[in-house]
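Structure data (CSV, C-alpha atoms and all ligand atoms) from query_16.csv:
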```csv
chain,number,residue,atom,x,y,z
A,1,MET,CA,146.3,90.0,160.3
A,2,ALA,CA,145.7,88.6,163.8
A,3,GLU,CA,144.1,85.1,163.8
A,4,SER,CA,141.0,86.3,165.7
A,5,SER,CA,140.2,89.1,163.2
A,6,ARG,CA,140.0,86.7,160.3
A,7,PRO,CA,136.4,87.0,159.1
A,8,ARG,CA,135.7,83.3,159.0
A,9,ASP,CA,136.6,82.9,162.7
A,10,GLN,CA,134.2,85.6,163.8
A,11,GLY,CA,130.7,85.1,165.1
A,12,PRO,CA,127.7,85.3,162.7
A,13,SER,CA,126.6,88.8,163.7
A,14,THR,CA,130.1,90.2,163.3
A,15,ARG,CA,130.5,88.5,159.9
A,16,ALA,CA,127.1,89.8,158.9
A,17,VAL,CA,127.9,93.4,159.8
A,18,HIS,CA,131.6,93.6,158.7
A,19,GLY,CA,131.5,91.3,155.7
A,20,PRO,CA,134.5,89.7,154.1
A,21,HIS,CA,136.6,92.8,153.6
A,22,PRO,CA,136.6,94.8,156.8
A,23,GLY,CA,138.6,97.9,156.9
A,24,PRO,CA,138.6,101.6,155.9
A,25,GLY,CA,136.5,102.7,153.0
A,26,PRO,CA,132.8,103.2,152.3
A,27,GLU,CA,130.6,102.0,155.1
A,28,SER,CA,128.2,100.7,152.5
A,29,THR,CA,128.8,99.1,149.1
A,30,PRO,CA,128.6,101.7,146.3
A,31,ILE,CA,125.8,100.8,143.9
A,32,ILE,CA,127.2,100.6,140.4
A,33,HIS,CA,124.3,101.2,138.0
A,34,SER,CA,125.9,100.1,134.8
A,35,SER,CA,124.8,97.4,132.4
A,36,ASN,CA,128.3,97.2,130.8
A,37,PHE,CA,131.9,98.3,131.5
A,38,SER,CA,134.5,99.8,129.1
A,39,PHE,CA,138.3,99.0,129.0
A,40,GLU,CA,141.5,100.7,128.1
A,41,THR,CA,143.0,97.6,126.6
A,42,LEU,CA,141.9,94.4,125.1
A,43,GLU,CA,143.8,92.5,127.9
A,44,ALA,CA,141.8,94.3,130.6
A,45,MET,CA,138.6,93.4,128.8
A,46,LEU,CA,139.5,89.8,128.4
A,47,GLU,CA,140.6,89.7,132.1
A,48,ALA,CA,137.3,91.2,133.3
A,49,GLN,CA,135.4,88.8,131.1
A,50,SER,CA,137.3,85.8,132.3
A,51,ARG,CA,136.3,86.5,135.9
A,52,GLY,CA,132.7,85.7,135.1
A,53,ALA,CA,130.3,86.4,138.0
A,54,ALA,CA,133.2,88.1,140.0
A,55,GLY,CA,134.1,90.4,137.1
A,56,ALA,CA,132.7,93.7,135.8
A,57,PHE,CA,132.0,93.1,132.1
A,58,TYR,CA,128.3,92.8,131.4
A,59,GLN,CA,125.6,92.9,134.0
A,60,ARG,CA,123.9,89.5,133.1
A,61,GLU,CA,127.1,87.7,133.9
A,62,GLY,CA,127.3,89.3,137.4
A,63,HIS,CA,128.2,92.8,138.6
A,64,PRO,CA,130.2,94.4,141.4
A,65,THR,CA,127.3,95.3,143.6
A,66,LEU,CA,125.9,91.8,143.3
A,67,HIS,CA,129.3,90.2,143.8
A,68,ALA,CA,129.8,92.1,147.1
A,69,CYS,CA,126.5,90.8,148.3
A,70,GLU,CA,127.3,87.2,147.2
A,71,GLU,CA,130.6,87.3,149.1
A,72,ARG,CA,128.9,88.6,152.3
A,73,LEU,CA,126.2,85.9,152.0
A,74,ALA,CA,128.9,83.1,151.4
A,75,LEU,CA,130.8,84.4,154.5
A,76,ILE,CA,127.7,84.3,156.7
A,77,GLU,CA,126.7,80.8,155.4
A,78,GLY,CA,130.3,79.5,155.8
A,79,ALA,CA,130.2,78.5,152.1
A,80,PRO,CA,133.1,78.7,149.7
A,81,ALA,CA,131.0,80.6,147.1
A,82,GLY,CA,127.5,81.8,146.4
A,83,LEU,CA,125.4,83.1,143.5
A,84,LEU,CA,122.3,85.4,143.8
A,85,PHE,CA,119.2,85.1,141.5
A,86,ALA,CA,116.2,87.2,140.6
A,87,SER,CA,113.9,84.9,142.8
A,88,GLY,CA,114.0,81.7,144.8
A,89,MET,CA,112.5,79.9,141.8
A,90,ALA,CA,115.2,81.3,139.5
A,91,ALA,CA,117.8,79.8,142.0
A,92,ILE,CA,116.1,76.5,142.2
A,93,THR,CA,115.5,76.1,138.4
A,94,ALA,CA,119.1,77.3,137.6
A,95,THR,CA,120.3,74.5,139.9
A,96,LEU,CA,118.2,71.9,138.3
A,97,LEU,CA,118.9,73.1,134.8
A,98,GLY,CA,122.6,73.4,135.5
A,99,VAL,CA,123.1,70.0,137.0
A,100,MET,CA,120.5,67.8,135.3
A,101,ARG,CA,120.6,66.4,131.7
A,102,ALA,CA,117.9,64.6,129.8
A,103,GLY,CA,117.4,61.1,131.3
A,104,ASP,CA,118.9,62.1,134.6
A,105,HIS,CA,117.0,61.1,137.8
A,106,VAL,CA,116.1,63.5,140.6
A,107,VAL,CA,114.5,62.7,143.9
A,108,ALA,CA,112.7,65.3,146.0
A,109,LEU,CA,110.4,65.4,149.0
A,110,ARG,CA,106.7,65.5,148.2
A,111,GLN,CA,106.6,68.2,150.9
A,112,CYS,CA,108.8,70.5,148.9
A,113,TYR,CA,107.8,74.0,148.0
A,114,GLY,CA,105.0,73.9,145.4
A,115,GLY,CA,107.0,75.8,142.8
A,116,THR,CA,109.8,73.3,143.1
A,117,LEU,CA,107.4,70.4,142.4
A,118,MET,CA,106.1,72.3,139.5
A,119,ALA,CA,109.6,72.8,138.1
A,120,LEU,CA,110.3,69.1,138.5
A,121,ARG,CA,107.0,68.2,136.7
A,122,TRP,CA,107.9,70.7,133.9
A,123,GLY,CA,111.4,69.1,133.5
A,124,ALA,CA,109.9,65.7,133.4
A,125,GLU,CA,107.4,66.7,130.7
A,126,ARG,CA,109.7,68.7,128.5
A,127,LEU,CA,113.3,68.0,129.3
A,128,GLY,CA,113.4,64.2,130.0
A,129,TRP,CA,114.1,64.3,133.7
A,130,VAL,CA,113.0,61.3,135.6
A,131,CYS,CA,111.5,62.4,139.0
A,132,ASP,CA,110.5,60.5,142.1
A,133,LEU,CA,109.0,62.0,145.2
A,134,VAL,CA,109.6,60.6,148.7
A,135,ASP,CA,108.2,61.4,152.2
A,136,ALA,CA,110.1,63.7,154.6
A,137,ALA,CA,109.0,61.6,157.5
A,138,ASP,CA,110.0,58.3,156.0
A,139,PRO,CA,113.8,58.0,155.5
A,140,ALA,CA,113.5,54.4,154.4
A,141,SER,CA,111.6,55.8,151.3
A,142,TRP,CA,114.6,58.0,150.5
A,143,ALA,CA,117.0,55.0,150.4
A,144,ARG,CA,114.5,53.1,148.1
A,145,ALA,CA,114.2,56.0,145.6
A,146,VAL,CA,117.8,57.2,145.3
A,147,ARG,CA,119.8,55.0,142.9
A,148,SER,CA,122.7,55.1,140.5
A,149,GLY,CA,121.8,57.6,137.9
A,150,THR,CA,120.3,59.9,140.5
A,151,ARG,CA,121.9,63.3,140.1
A,152,ILE,CA,120.2,65.3,142.8
A,153,PHE,CA,118.4,64.5,146.1
A,154,HIS,CA,116.6,67.7,146.9
A,155,VAL,CA,115.1,68.3,150.4
A,156,GLU,CA,113.8,71.1,152.7
A,157,SER,CA,113.8,71.2,156.5
A,158,PRO,CA,111.7,72.1,158.3
A,159,THR,CA,109.0,71.6,155.6
A,160,ASN,CA,106.0,73.7,154.8
A,161,PRO,CA,103.4,73.9,156.3
A,162,THR,CA,103.6,70.9,158.7
A,163,LEU,CA,107.2,71.6,159.9
A,164,GLU,CA,108.6,68.1,159.4
A,165,VAL,CA,112.3,67.8,160.1
A,166,VAL,CA,114.7,66.1,157.8
A,167,ASP,CA,117.9,64.6,159.2
A,168,LEU,CA,120.3,66.3,156.8
A,169,ALA,CA,123.3,64.1,157.6
A,170,ARG,CA,121.2,61.0,156.8
A,171,ALA,CA,119.9,62.6,153.6
A,172,ALA,CA,123.6,63.3,152.6
A,173,GLU,CA,124.5,59.7,153.3
A,174,VAL,CA,121.7,58.4,151.1
A,175,ALA,CA,122.6,60.8,148.2
A,176,HIS,CA,126.3,60.3,148.4
A,177,GLY,CA,125.9,56.5,148.6
A,178,HIS,CA,124.8,56.7,144.9
A,179,GLY,CA,127.0,59.6,143.8
A,180,ALA,CA,124.1,62.0,143.9
A,181,LEU,CA,124.3,65.6,145.1
A,182,LEU,CA,122.3,66.7,148.2
A,183,SER,CA,120.7,70.1,147.6
A,184,VAL,CA,118.9,71.7,150.6
A,185,ASP,CA,116.3,74.5,150.3
A,186,ASN,CA,117.2,76.2,153.6
A,187,THR,CA,114.7,79.0,153.3
A,188,PHE,CA,112.7,78.2,156.4
A,189,ALA,CA,115.8,78.0,158.7
A,190,SER,CA,117.8,80.8,157.0
A,191,PRO,CA,121.7,81.0,156.6
A,192,VAL,CA,122.2,81.6,160.3
A,193,GLY,CA,119.6,79.2,161.5
A,194,GLN,CA,121.0,76.0,159.9
A,195,GLY,CA,124.2,75.2,158.1
A,196,PRO,CA,123.4,72.3,155.7
A,197,LEU,CA,127.0,72.2,154.3
A,198,LEU,CA,128.2,71.3,157.8
A,199,HIS,CA,125.9,68.3,157.7
A,200,GLY,CA,127.0,67.0,154.3
A,201,ALA,CA,124.9,69.0,151.8
A,202,ASP,CA,126.5,69.9,148.5
A,203,LEU,CA,124.3,72.9,147.6
A,204,VAL,CA,122.3,75.2,149.7
A,205,LEU,CA,119.4,77.1,148.1
A,206,TYR,CA,117.3,80.1,149.3
A,207,SER,CA,114.4,82.1,148.4
A,208,ALA,CA,116.1,85.4,149.5
A,209,THR,CA,112.6,86.9,149.3
A,210,LYS,CA,112.1,85.5,152.8
A,211,SER,CA,114.4,86.1,155.8
A,212,ILE,CA,117.5,87.2,153.8
A,213,GLY,CA,115.6,90.1,152.3
A,214,GLY,CA,113.5,90.1,155.4
A,215,HIS,CA,111.3,93.2,154.9
A,216,GLY,CA,108.7,92.1,152.4
A,217,ASP,CA,110.0,94.4,149.7
A,218,LEU,CA,112.1,92.4,147.3
A,219,LEU,CA,112.2,89.1,145.3
A,220,ALA,CA,115.5,87.2,145.1
A,221,GLY,CA,117.2,83.8,145.5
A,222,ALA,CA,120.6,82.2,146.2
A,223,VAL,CA,122.6,79.1,145.7
A,224,LEU,CA,125.8,78.4,147.7
A,225,GLY,CA,128.4,75.6,147.6
A,226,ALA,CA,131.8,74.7,146.1
A,227,PRO,CA,132.9,76.7,143.1
A,228,GLU,CA,133.2,73.6,140.9
A,229,LEU,CA,129.5,72.8,141.5
A,230,LEU,CA,128.4,76.4,141.1
A,231,ARG,CA,130.0,76.6,137.7
A,232,ASP,CA,127.1,74.7,136.0
A,233,VAL,CA,124.6,76.7,138.1
A,234,GLU,CA,126.2,80.0,137.0
A,235,SER,CA,126.2,78.9,133.4
A,236,ALA,CA,122.4,78.3,133.7
A,237,ARG,CA,122.1,81.8,135.3
A,238,ARG,CA,123.9,83.3,132.3
A,239,VAL,CA,121.7,81.4,129.8
A,240,PHE,CA,118.4,82.2,131.4
A,241,GLY,CA,119.4,85.6,132.6
A,242,GLY,CA,117.6,85.8,136.0
A,243,LEU,CA,119.7,87.9,138.5
A,244,PRO,CA,119.1,90.9,140.7
A,245,ASP,CA,119.9,94.4,139.4
A,246,PRO,CA,122.3,96.7,141.3
A,247,TRP,CA,119.6,98.3,143.5
A,248,THR,CA,118.1,95.0,144.6
A,249,ALA,CA,121.6,93.5,145.2
A,250,TRP,CA,122.4,96.5,147.4
A,251,LEU,CA,119.1,96.1,149.3
A,252,ILE,CA,119.9,92.4,149.9
A,253,GLU,CA,123.4,93.2,151.2
A,254,ARG,CA,122.0,95.9,153.5
A,255,SER,CA,119.5,93.3,154.9
A,256,LEU,CA,122.2,90.7,155.5
A,257,LYS,CA,123.8,93.0,158.2
A,258,THR,CA,120.7,92.5,160.4
A,259,LEU,CA,119.9,88.9,159.4
A,260,PRO,CA,121.2,87.2,162.7
A,261,LEU,CA,119.4,89.8,164.8
A,262,ARG,CA,116.1,89.4,162.9
A,263,VAL,CA,116.3,85.6,162.8
A,264,GLU,CA,117.1,85.3,166.5
A,265,ARG,CA,114.2,87.6,167.4
A,266,SER,CA,111.6,85.9,165.0
A,267,ASN,CA,112.7,82.5,166.2
A,268,ALA,CA,112.4,83.5,169.9
A,269,ASN,CA,108.9,85.0,169.3
A,270,ALA,CA,107.8,81.8,167.4
A,271,ALA,CA,109.1,79.6,170.2
A,272,GLU,CA,107.3,81.6,172.8
A,273,LEU,CA,104.0,81.6,170.9
A,274,ALA,CA,104.4,77.8,170.4
A,275,ARG,CA,105.0,77.4,174.2
A,276,ARG,CA,101.9,79.4,175.0
A,277,LEU,CA,99.8,77.5,172.4
A,278,ALA,CA,101.1,74.1,173.5
A,279,ASP,CA,98.4,73.7,176.2
A,280,ASP,CA,95.8,75.9,174.7
A,281,ARG,CA,92.5,74.1,174.6
A,282,ARG,CA,91.2,76.3,171.7
A,283,ILE,CA,93.5,74.6,169.2
A,284,GLY,CA,94.1,71.0,168.1
A,285,ARG,CA,97.4,69.8,166.7
A,286,LEU,CA,100.3,72.2,167.0
A,287,ASN,CA,103.4,71.9,164.7
A,288,TYR,CA,106.7,73.5,165.9
A,289,PRO,CA,110.0,71.6,165.9
A,290,GLY,CA,111.1,73.6,169.0
A,291,LEU,CA,108.6,71.7,171.1
A,292,PRO,CA,110.0,68.7,172.9
A,293,ALA,CA,107.0,66.7,171.8
A,294,HIS,CA,107.6,67.3,168.1
A,295,PRO,CA,108.9,64.0,166.5
A,296,GLY,CA,111.8,65.9,164.8
A,297,HIS,CA,112.8,67.9,167.9
A,298,ALA,CA,116.0,66.0,168.6
A,299,THR,CA,117.2,66.2,165.0
A,300,ALA,CA,116.2,69.9,164.8
A,301,ALA,CA,118.1,70.6,168.0
A,302,ARG,CA,121.2,68.9,166.5
A,303,GLN,CA,121.2,70.7,163.2
A,304,MET,CA,119.5,74.1,163.8
A,305,THR,CA,121.0,77.1,165.4
A,306,LEU,CA,119.5,80.3,166.9
A,307,GLY,CA,116.3,78.4,167.7
A,308,PHE,CA,113.9,76.4,165.6
A,309,GLY,CA,112.8,78.8,162.8
A,310,PRO,CA,110.1,81.4,162.6
A,311,VAL,CA,107.2,79.3,161.3
A,312,LEU,CA,104.6,77.3,163.2
A,313,SER,CA,101.2,75.9,162.3
A,314,PHE,CA,98.2,74.9,164.3
A,315,GLU,CA,94.7,73.4,163.7
A,316,VAL,CA,91.4,74.9,164.6
A,317,ALA,CA,88.1,73.1,164.2
A,318,ASP,CA,87.5,73.6,160.5
A,319,GLY,CA,87.9,75.9,157.5
A,320,ALA,CA,85.3,78.4,158.9
A,321,ALA,CA,87.2,78.6,162.2
A,322,ALA,CA,90.5,79.1,160.4
A,323,ARG,CA,88.9,81.9,158.4
A,324,ALA,CA,87.6,83.5,161.6
A,325,VAL,CA,91.2,83.3,163.1
A,326,VAL,CA,93.0,85.0,160.2
A,327,GLU,CA,90.2,87.6,159.8
A,328,GLY,CA,90.2,88.2,163.5
A,329,PHE,CA,93.8,89.4,163.6
A,330,ARG,CA,94.3,93.1,164.0
A,331,LEU,CA,98.1,93.2,164.0
A,332,ILE,CA,99.1,90.0,162.3
A,333,ARG,CA,98.7,90.3,158.6
A,334,HIS,CA,96.9,87.8,156.4
A,335,ALA,CA,99.5,87.2,153.7
A,336,ALA,CA,101.6,84.6,152.0
A,337,SER,CA,105.4,84.5,152.6
A,338,LEU,CA,107.6,84.3,155.7
A,339,GLY,CA,110.8,85.6,157.2
A,340,SER,CA,109.6,89.2,157.2
A,341,VAL,CA,109.9,91.7,160.1
A,342,SER,CA,106.1,91.5,160.3
A,343,THR,CA,104.1,88.4,161.4
A,344,LEU,CA,102.0,86.8,158.6
A,345,ALA,CA,99.2,84.3,158.8
A,346,MET,CA,97.7,82.2,156.1
A,347,ILE,CA,95.5,79.1,155.6
A,348,PRO,CA,97.6,76.6,153.6
A,349,ALA,CA,94.6,74.7,152.3
A,350,LEU,CA,93.5,77.9,150.5
A,351,THR,CA,96.9,79.1,149.4
A,352,SER,CA,100.0,76.9,148.9
A,353,LEU,CA,98.1,73.6,148.7
A,354,ARG,CA,94.9,75.0,147.0
A,355,ARG,CA,95.5,72.9,143.9
A,356,LEU,CA,95.6,69.6,145.7
A,357,SER,CA,92.5,67.5,146.0
A,358,PRO,CA,91.1,67.1,149.6
A,359,GLU,CA,92.5,63.5,149.7
A,360,GLU,CA,96.0,64.7,148.7
A,361,ARG,CA,95.8,67.5,151.3
A,362,ALA,CA,94.8,65.0,154.0
A,363,ARG,CA,97.7,62.7,153.0
A,364,ALA,CA,100.0,65.8,153.4
A,365,GLY,CA,98.6,66.3,156.9
A,366,VAL,CA,97.0,69.6,156.0
A,367,SER,CA,93.4,70.0,157.1
A,368,ASP,CA,91.1,72.9,156.2
A,369,GLY,CA,91.5,74.2,159.7
A,370,LEU,CA,95.3,74.5,159.6
A,371,VAL,CA,96.6,78.0,160.1
A,372,ARG,CA,100.3,78.9,159.4
A,373,LEU,CA,102.0,81.7,161.3
A,374,ALA,CA,105.3,83.1,160.0
A,375,VAL,CA,106.5,85.1,163.0
A,376,GLY,CA,108.2,88.5,162.8
A,377,ILE,CA,110.1,90.6,165.2
A,378,GLU,CA,107.3,92.5,166.9
A,379,ASP,CA,107.0,92.6,170.7
A,380,ILE,CA,105.9,89.2,172.0
A,381,GLU,CA,103.0,90.5,174.2
A,382,ASP,CA,101.5,92.4,171.3
A,383,LEU,CA,101.7,89.2,169.1
A,384,TRP,CA,100.2,87.1,171.9
A,385,ALA,CA,97.4,89.6,172.6
A,386,ASP,CA,96.5,89.5,168.9
A,387,LEU,CA,96.7,85.7,168.6
A,388,ASP,CA,94.7,85.2,171.9
A,389,GLY,CA,92.1,87.7,170.7
A,390,ALA,CA,91.6,86.0,167.3
A,391,LEU,CA,91.4,82.6,168.9
A,392,ALA,CA,88.8,83.8,171.4
A,393,ALA,CA,86.8,85.5,168.6
A,394,ALA,CA,87.0,82.3,166.4
A,395,ALA,CA,85.9,80.1,169.4
A,396,GLY,CA,83.0,82.6,170.1
A,397,ALA,CA,81.9,82.5,166.4
A,398,ARG,CA,81.4,78.7,166.5
A,399,PRO,CA,77.9,77.6,166.2
A,400,GLY,CA,76.5,76.3,169.5
A,401,ASN,CA,78.8,78.5,171.5
A,402,PRO,CA,77.2,81.1,173.8
A,501,LIG,C1,109.1,81.2,148.8
A,501,LIG,C2,109.8,79.9,148.6
A,501,LIG,C3,110.4,79.5,147.4
A,501,LIG,C4,110.3,80.4,146.1
A,501,LIG,O1,110.9,81.6,146.2
A,501,LIG,P1,110.5,82.9,145.4
A,501,LIG,O2,111.5,83.9,145.9
A,501,LIG,O3,109.1,83.2,145.7
A,501,LIG,O4,110.7,82.5,143.9
A,501,LIG,C5,111.2,78.4,147.4
A,501,LIG,N1,111.3,77.6,148.5
A,501,LIG,C6,110.7,77.9,149.7
A,501,LIG,C7,110.9,77.0,150.8
A,501,LIG,C8,110.0,79.1,149.8
A,501,LIG,O5,109.4,79.4,150.9
```

Could you spell out this file's structure in structure tokens?
Amino acid sequence: MAESSRPRDQGPSTRAVHGPHPGPGPESTPIIHSSNFSFETLEAMLEAQSRGAAGAFYQREGHPTLHACEERLALIEGAPAGLLFASGMAAITATLLGVMRAGDHVVALRQCYGGTLMALRWGAERLGWVCDLVDAADPASWARAVRSGTRIFHVESPTNPTLEVVDLARAAEVAHGHGALLSVDNTFASPVGQGPLLHGADLVLYSATKSIGGHGDLLAGAVLGAPELLRDVESARRVFGGLPDPWTAWLIERSLKTLPLRVERSNANAAELARRLADDRRIGRLNYPGLPAHPGHATAARQMTLGFGPVLSFEVADGAAARAVVEGFRLIRHAASLGSVSTLAMIPALTSLRRLSPEERARAGVSDGLVRLAVGIEDIEDLWADLDGALAAAAGARPGNP
């Protein structure tokens, strides 16, 4: 095979479309709807069984439709191996349950996804994990928290919903200095938007419900990294049993073929909306790492690719104004989630951070007037018209305005 046609040397779009086994055969992976497989000989059965997630023995251990998707995802990520899960939370909890033992110490960002923080609290209450939270914006706090006995330092970048940027190489240095693993929830950036393994991460985690699935129609998760590390994660997957069925696996692999295209377009749309909002007097604080004024811009520019992600957030006067904005949209949908083809808006104080007290929300930099936009692949002028119209309507609805 010619050097240049080796899949790992190709660009991300070519890898996404052609996958790890280019060549003649079916254009799309056949869906094998089978919970179990039968064998001519005992040797053949033992062989299939010994291949674990890569074999065809019993669906909960992994299955051919899923494995084809895992191989394609690993190729796109540039990871040696990958595992898919029934949800992002199934991926995150399998990682924690696979790696952590009673008494082990874990450090995570207090800005991490709410479900992740819930899983850590759950493990601390029931499984004897010792957990410390640190601030994404304060790297000195990471170095104070990570110590010998720390098994995992778990981060996200950019964070939700204030888009703080974590220097992944620095986080890796802190983790490895004490023999801990760095795991990165890379959901916001996506596998083509940031390569945490290149910056020293040991494990990369996804809610594949977001840009990997990309069409708002499925729930899935993924973990990628070295096979030695994935062995424990895979054993947790087998024990707890949360993995996608053949149909969902096929849908995910189909979506992967357009992942670079969708991410590039969403990121470009988000960057353009942020550019237009940057000097808009109708809003207050604007959070988007693509803006040169963002404190994490230089770090994001160093470690992100294809732009700066699809998510931005901005402040309007108060909760009532935020409500007027999201209810004023005609095209943009008022919904949770991100990474979909359609643009979604939500008010974090009333959704992801609803359970926090007002003081905790203030400490997290989330006011009642914060609106989060997860930008899709629509035409930019239609998005801007909708955003501009909703901001105008919200400004008009404010008491005292003519
Ligand atoms: C959505 C999300 C998750 C959870 O994923 P599910 O697929 O909903 O289980 C985890 N991390 C981040 C950053 C997310 O956005």

Near Glu381 in chain A, within 12 Å and counting all atoms listed in the file, which residues show up once chain neighbours fewer than 3 positions away are dropped, as a ChimeraX atom specification?
/A:269,272-273,276,331,377-378,384-389

Can you tell me which residues surround range 62-76 of chain A at a distance of at most 7 Å, considering all atoms listed in the file, apart from same-chain residues fewer than 5 positions away, and format the answer as an NGL selection string?
:A and (8 or 12 or 15-16 or 19-20 or 29 or 31-32 or 52-56 or 81-84 or 191 or 224 or 246 or 249-250 or 252-253)

Skipping near chain neighbours, those fewer than 3 positions away, what residues fall within 12 Å of range 115-129 of chain A using only C-alpha atoms, listed as a PyMOL selection string?
chain A and resi 87-97+99-112+132-134+149-152+154-156+184-185+205-207+352-353+355

Using Å and a single decimal, report how far CA of Val316 in chain A sits from CA of Gly284 in chain A.
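Separating CA of Gly284 in chain A from CA of Val316 in chain A is a distance of 5.9 Å.
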
Atom-to-atom span, CA of Arg231 in chain A and CA of Gln59 in chain A, Å
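Taking CA of Arg231 in chain A as the start and CA of Gln59 in chain A as the end point, the length is 17.3 Å.
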
Just give me the residues with any atom within 12 Å of (118.9, 90.5, 159.7), file coordinates, counting only C-alpha atoms, written as JSON, numbers by chain.
{"A": [12, 13, 14, 15, 16, 17, 73, 76, 190, 191, 192, 193, 208, 210, 211, 212, 213, 214, 215, 251, 252, 253, 254, 255, 256, 257, 258, 259, 260, 261, 262, 263, 264, 265, 266, 339, 340, 341, 376, 377]}

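Among the candidates A:Val165, A:Ile347, A:Gly221, A:Pro227, the residue lying nearest to ligand LIG 501 (chain A) is A:Gly221 (atoms considered: only C-alpha atoms and all ligand atoms).
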
6 Å contact set for Val375 in chain A, only C-alpha atoms, chain neighbours under 2 positions out, as an MDAnalysis selection string
chainID A and resid 266 270 310 343 373

Nearest to Gln194 in chain A: which of A:Met45, A:Ala301, A:Ala180, A:Ala336 is it, counting only C-alpha atoms?
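Closest residue, counting only C-alpha atoms: A:Ala301.
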
I need the residue nearest Ala390 in chain A from this list: A:Gly177, A:Pro30, A:Pro358, A:Gly328. Use only C-alpha atoms for the distance.
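Once distances to Ala390 in chain A are computed over only C-alpha atoms, the minimum belongs to A:Gly328.
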
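For the pair CA of Ala271 in chain A and CA of Leu312 in chain A, the interatomic distance is 8.6 Å.
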
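Considering the residues A:Ala145, A:Ala324, A:Val223, A:Ala137 and counting all atoms listed in the file, ligand LIG 501 (chain A) has its shortest atom-to-atom contact with A:Val223.
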
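In terms of minimum interatomic distance to ligand LIG 501 (chain A), A:Ser337 ranks closest within A:His18, A:Ser337, A:Asp232, A:Ala201, counting only C-alpha atoms and all ligand atoms.
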
Show me, as number ranges by chain, the residues that have an atom within 9 Å of Ala171 in chain A when counting only C-alpha atoms, minus same-chain residues fewer than 3 positions from it.
A: 139, 142-143, 153, 155, 166-168, 174-176, 182, 200-201

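If all atoms listed in the file are the atoms counted, then among A:Asp138, A:Gly216, A:His178, A:Asn36 the closest residue to ligand LIG 501 (chain A) is A:Gly216.
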
Let me have the centre and edge lengths of the axis-aligned box enclosing all listed atoms of range 88-96 of chain A with 3 Å padding on every side, in Å to one decimal, as AutoDock Vina command-line options.
```
--center_x 116.4 --center_y 76.8 --center_z 141.2 --size_x 13.8 --size_y 15.8 --size_z 13.2
```

Using the partial input, fill out range 333-342 of chain A with N, CA, C and O atoms; write the result as a short mmCIF file (atom, residue, chain, number, x, y, z; two decimals), in the frame of the given file.
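Everything below was put into rebuild-v6.cif:
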```cif
data_model
loop_
_atom_site.label_atom_id
_atom_site.label_comp_id
_atom_site.auth_asym_id
_atom_site.auth_seq_id
_atom_site.Cartn_x
_atom_site.Cartn_y
_atom_site.Cartn_z
N ARG A 333 99.30 90.11 159.89
CA ARG A 333 98.70 90.30 158.60
C ARG A 333 98.39 89.00 157.88
O ARG A 333 99.11 88.02 158.05
N HIS A 334 97.31 89.03 157.14
CA HIS A 334 96.90 87.80 156.40
C HIS A 334 97.57 87.89 155.04
O HIS A 334 97.14 88.61 154.13
N ALA A 335 98.66 87.14 154.89
CA ALA A 335 99.50 87.20 153.70
C ALA A 335 100.31 85.95 153.54
O ALA A 335 100.64 85.30 154.53
N ALA A 336 100.69 85.63 152.28
CA ALA A 336 101.60 84.60 152.00
C ALA A 336 103.05 85.06 152.42
O ALA A 336 103.20 86.22 152.77
N SER A 337 104.03 84.19 152.31
CA SER A 337 105.40 84.50 152.60
C SER A 337 105.79 84.32 154.05
O SER A 337 104.92 84.00 154.88
N LEU A 338 107.08 84.48 154.37
CA LEU A 338 107.60 84.30 155.70
C LEU A 338 108.95 84.97 155.80
O LEU A 338 109.48 85.46 154.81
N GLY A 339 109.49 85.02 157.02
CA GLY A 339 110.80 85.60 157.20
C GLY A 339 110.85 87.10 157.12
O GLY A 339 111.90 87.71 156.99
N SER A 340 109.68 87.74 157.22
CA SER A 340 109.60 89.20 157.20
C SER A 340 109.68 89.74 158.61
O SER A 340 109.47 89.01 159.58
N VAL A 341 109.93 91.03 158.73
CA VAL A 341 109.90 91.70 160.10
C VAL A 341 108.47 91.60 160.64
O VAL A 341 108.30 91.59 161.86
N SER A 342 107.44 91.54 159.78
CA SER A 342 106.10 91.50 160.30
C SER A 342 105.54 90.06 160.30
O SER A 342 105.88 89.25 159.44
#
```
